[in-house]
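What follows is a set of notes on a single structure, which appears directly below.
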There are 4 protein chains.
Amino acid sequence: MTSGGALIAVSTWKAGRQTWLYQLSKAGKLCVPAMNVNDSVTKQKFDNLYCCRESILDGLKRTTDVMFGGKQVVVCGYGEVGKGCCSALKALGAIVCVTEIDPICALQACMDGFKVVKLNEVVRQMDMVITCTGNKNVVTRELLDRMKNGCIVCNMGHSNTEIDVASLRTPELTWERVRSQVDHVIWPDGKRVILLAEGRLLNLSCSTVPSFVLSITATTQALALIELYNAPEGRYKQDVYLLPKKMDEYVASLHLPNFDAHLTELSDEQAKYMGLNKNGPFKPNYYRYEKGFKTPHIDYD
Amino acid sequence: MTSGGALIAVSTWKAGRQTWLYQLSKAGKLCVPAMNVNDSVTKQKFDNLYCCRESILDGLKRTTDVMFGGKQVVVCGYGEVGKGCCSALKALGAIVCVTEIDPICALQACMDGFKVVKLNEVVRQMDMVITCTGNKNVVTRELLDRMKNGCIVCNMGHSNTEIDVASLRTPELTWERVRSQVDHVIWPDGKRVILLAEGRLLNLSCSTVPSFVLSITATTQALALIELYNAPEGRYKQDVYLLPKKMDEYVASLHLPNFDAHLTELSDEQAKYMGLNKNGPFKPNYYRYEKGFKTPHIDYD
Amino acid sequence: MTSGGALIAVSTWKAGRQTWLYQLSKAGKLCVPAMNVNDSVTKQKFDNLYCCRESILDGLKRTTDVMFGGKQVVVCGYGEVGKGCCSALKALGAIVCVTEIDPICALQACMDGFKVVKLNEVVRQMDMVITCTGNKNVVTRELLDRMKNGCIVCNMGHSNTEIDVASLRTPELTWERVRSQVDHVIWPDGKRVILLAEGRLLNLSCSTVPSFVLSITATTQALALIELYNAPEGRYKQDVYLLPKKMDEYVASLHLPNFDAHLTELSDEQAKYMGLNKNGPFKPNYYRYEKGFKTPHIDYD
Amino acid sequence: MTSGGALIAVSTWKAGRQTWLYQLSKAGKLCVPAMNVNDSVTKQKFDNLYCCRESILDGLKRTTDVMFGGKQVVVCGYGEVGKGCCSALKALGAIVCVTEIDPICALQACMDGFKVVKLNEVVRQMDMVITCTGNKNVVTRELLDRMKNGCIVCNMGHSNTEIDVASLRTPELTWERVRSQVDHVIWPDGKRVILLAEGRLLNLSCSTVPSFVLSITATTQALALIELYNAPEGRYKQDVYLLPKKMDEYVASLHLPNFDAHLTELSDEQAKYMGLNKNGPFKPNYYRYEKGFKTPHIDYD
């Protein structure tokens, strides 16, 4: 790396923090190269899909001891986190429906067996409302008013904005702290809504992160720092970069022995046929573990 | 579109054909704009993941009437097609393992509950061998020689190259056509390997394509042609383009009523918070339905 | 067996035929010992749960080529057959609900993640209606009148009584045979309901029975005949008997090598602790593969 | 109930305690009627299958924070508890195999997609060993010696006999209590086996019981006591009884509103066809939620 530069390898828990870097870069205010570790594939997949698939169950059990079987659940947002939550809850016998704003994700939810609904259509029947949208005010006071007694409300998505918790701080509602991270919000008619972690992230507040996931994250960060440090002058400018695919693959390969997984090696003939180097990278940088091609794009405004 | 130009909207069943366009384009021989419809998201997801999840079962049943429960199956390749095949077979009680060359896909297979193995380590125990790699000679004569009696071999991947069928056309092996698309290849000791569709694509040869999938494909093609025709002069040059994200979303939204799916609309405040237009596109063009950001890439060669 | 006696080993596809034997026996008209093979555990589990789990998909695909993903399906009856159908359809992305008359089975459906509904509440939204009740007139003309265009109706349960097909043979409805086993019944307004196998059993009419299942059935029948033939005089009287548990276990053990399954053997100490013979039977005769004890019962009338 | 009699309604967590009653009864030493509540269907299904499906995950998470995805797990015993454990772990991405002594249960495991193995064949590769056999010394010192570093060992089955914990109390092994209910047993070469709850029941020691399950159990007990108290003289003798089926169904029906489940009612015609009372019971007493008929049995020795 160029001397005198500072290293920045950003790895936040989930989306969000790294957008600041892009904004800095766009504004011309980023004074060193930066590596956006958060969006490397292994980081994304493990922290979001695979980790949330487990932590949604863990977080709910530790706080509420709820039984999942037969429960009616709405998951708001069918991105990676939403997919993980839906998959786990369905597997344990919950009856899950989904809200989405994006028709493609909505169609994915349909094909995965989840009814796509609007929150206000179903909120009255739900036993649990889980937000994973990355948006704000998804669960408004009006919706909270219509929930049934005992409904559990929690946030797996982003920051603490998804549930409008502020709207519950009004004189006619009573808050009762029944356990760490668990509040009963009580309506004048006695109805109780069970709010977890005051609307902050359930997986961070009420669950644990498996050491395996931390290992992946830490490995990715370390490799990013090494790459920035060792890179020949000029490779990285004052911009935000993704981890090169080959390093992403290297992080994965370092963790395969844990699963006693045996990788297949390409023969020379096969590598030539595929146009690949036998040692990888096996996918282009832009490949997000679904097929795609690097092509010119037209951006509609 | 500019007068005098020709329209090309390519939509092949699966990967492959569109690479010719990119080669033409790279060689400067593409004389009109072309739209690569195959790699639009709805096309990809429906033709590959969701359609193959069903056609692997359908193709195997119609040809062999095999019971899936308890069968030991190896799926070669854990891309979209492999993911669909693995998910369906596991759900019906098969015991599924996976081969992969890419450590990231291998790690995904682990997290989804599939043992990652080399084909030669397990081939002797398998009841079915299914290829979805896009590569050639994945199942060689040497591996076929080691399969057990009654092993079913078929290809869900790419062209007819994945199984080395030519190597089975030798004098000591007898071929017996037991049913349309089903050959018993008989070894001198009486062992029979059941080869489907002579190694061509099982889903095309032995299954059907649901009209719903065809509707998505045809809609995508029609929209691509309309876009090329209506585009203002200069929007498209002699290059290969992906369908704009907004149109991809439009294809999806046209099919949502089939599932009685109700999309949520962003409020003004939410759209502003997310930096989105309320009518979409909801994701950047490069988003492949896992999270990602458009960033500079360094290509290692 | 005692000389002069006849052997009867009954093995019908599913419930029904063997009740005649019990009625004969109750009326004192059974003149030889009979073995009710249908209700042996291996027969039950394989023909009903495990076989129907596959044949519901196979029967629907071969007749209609329908895509399962996202389809709204109601399964009437949550016994063994219904459990198999629900599990398979859910696994392939259908959105499944259930009707039941028995509160215990209804609660099981809830815990397995299926909404329990009345047919008339949901029939208007359904893409498929599947009967597995063993009852008659579950799908009446009134319900058929309310189905939406394109709804598929079929019977996995019992005989041809579950769908009131006779009620569709009226002048204002047109029948159109679109394919073997597939009729479009057309309402005056053009609505089409897709009726499979004219309401007869889908799995028998439109699917195949895997040879593995036939092997289990045939083995069970053969063992029953051998047992009746070899039994010492007096063991069997003019009554209906279930296959002794030990033989049921023997049928299973004969089929385990197909799956390369390795049974564990009890140590002497363990057998003593459990009060079991090391060679089985491992469960009492009345055990139905959920725990239970032979106890006096009080029958309420 | 007859005056002067005592009421006994036994409801232990899982199998075991009620066998004492049967032994007392067999020995002629039971001086009052007793109701074996443990083996009523709702109790069995909820405490064993449905509750353990959740508590295996909960118990493991709270004690070890382990990630389930990709882990190799062996579950010893494929009864109700084993079925619940296997289903949950598989759903969360673990690679699960099963040990069994009973060929019928082994065949069920195959059909559900689990490889059936002997513990000594696989123990070296396993990340977790879970016992649900009801037997003793299933995990012996010899097997513990062969486990790999970091293997988690726990008991979901019966009492504290399944893991031979006593064999680990030897001078060459060091015990380290790392957290409540979690011991590291350390071999001289540094290998650590993670033993949970010192081999006692994980679900009782390290998980919670959902209030829904307690409600079912308590309802069943209360109804049993009411039945014994109200029964006309002579209905119950000095013996052990199961809850009448009708009451079992009543317990279930009382809990259906929690799931907003809508039961279907038989028409008069249907009830007559089925030979059922419209108000139940809908199954004979001996029905264990798989089909069966009350028939004479021949018990081999």
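Residue numbers start at 1 in each chain; chains themselves are named A, B, ... in the order of the structure tokens; ligands are numbered from 1 in the order shown.
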For chain B against chain A, which residues fall within 7 Å using only C-alpha atoms, given as JSON, numbers by chain?
{"B": [39, 79, 80, 99, 100, 101, 102, 103, 104, 107, 110, 115, 116, 117, 118, 135, 136, 240, 241, 242, 244, 249, 252, 253, 256, 259, 261, 262, 263, 264, 265, 266, 270, 274, 282, 285, 288, 290, 292, 295, 296, 297, 298]}
Identify, on the basis of only C-alpha atoms, every residue whose closest approach to region 171-187 of chain C does not exceed 10 Å; exclude the query and any residue fewer than 3 positions from it along the same chain; express the result as a short mmCIF file (atom, residue, chain, number, x, y, z; two decimals) with C-alpha atoms, in the first residue's frame.
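Dumped everything to around-v1.cif:
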```cif
data_model
loop_
_atom_site.label_atom_id
_atom_site.label_comp_id
_atom_site.auth_asym_id
_atom_site.auth_seq_id
_atom_site.Cartn_x
_atom_site.Cartn_y
_atom_site.Cartn_z
CA ARG C 62 -48.27 -36.23 -14.96
CA THR C 63 -51.84 -35.04 -15.36
CA THR C 64 -51.58 -31.26 -15.18
CA LEU C 144 -67.45 -26.88 -6.68
CA ASP C 145 -69.71 -24.01 -7.75
CA ASN C 149 -61.31 -20.87 -12.64
CA GLY C 150 -58.56 -23.45 -13.08
CA CYS C 151 -58.92 -25.07 -9.68
CA ILE C 152 -57.63 -28.65 -9.66
CA LEU C 168 -71.39 -32.48 -11.86
CA GLY C 190 -66.74 -20.29 -18.79
CA LYS C 191 -65.17 -21.23 -15.45
CA ARG C 192 -63.26 -24.49 -15.64
CA VAL C 193 -62.61 -26.89 -12.81
CA ILE C 194 -59.96 -29.50 -13.54
CA LEU C 195 -61.15 -32.87 -12.25
CA LEU C 196 -58.60 -35.68 -12.09
CA ALA C 197 -59.43 -39.37 -12.55
CA GLU C 198 -63.14 -38.55 -12.30
CA GLY C 199 -62.73 -38.44 -8.54
CA ARG C 200 -61.15 -41.86 -8.22
CA LEU C 202 -55.17 -40.15 -7.97
CA SER C 205 -55.02 -43.80 -11.52
CA CYS C 206 -52.37 -41.24 -12.39
#
```
Residues within 8 Å of Val123 (chain B), only C-alpha atoms, excluding chain neighbours under 4 positions, as a PyMOL selection string:
chain B and resi 74+119+129+143+146-147
All alpha helix (DSSP H) residues (DSSP, backbone) inside region 53-190 of chain D, as a VMD selection string
chain D and resid 53 to 64 80 to 91 103 to 111 119 to 122 141 to 146
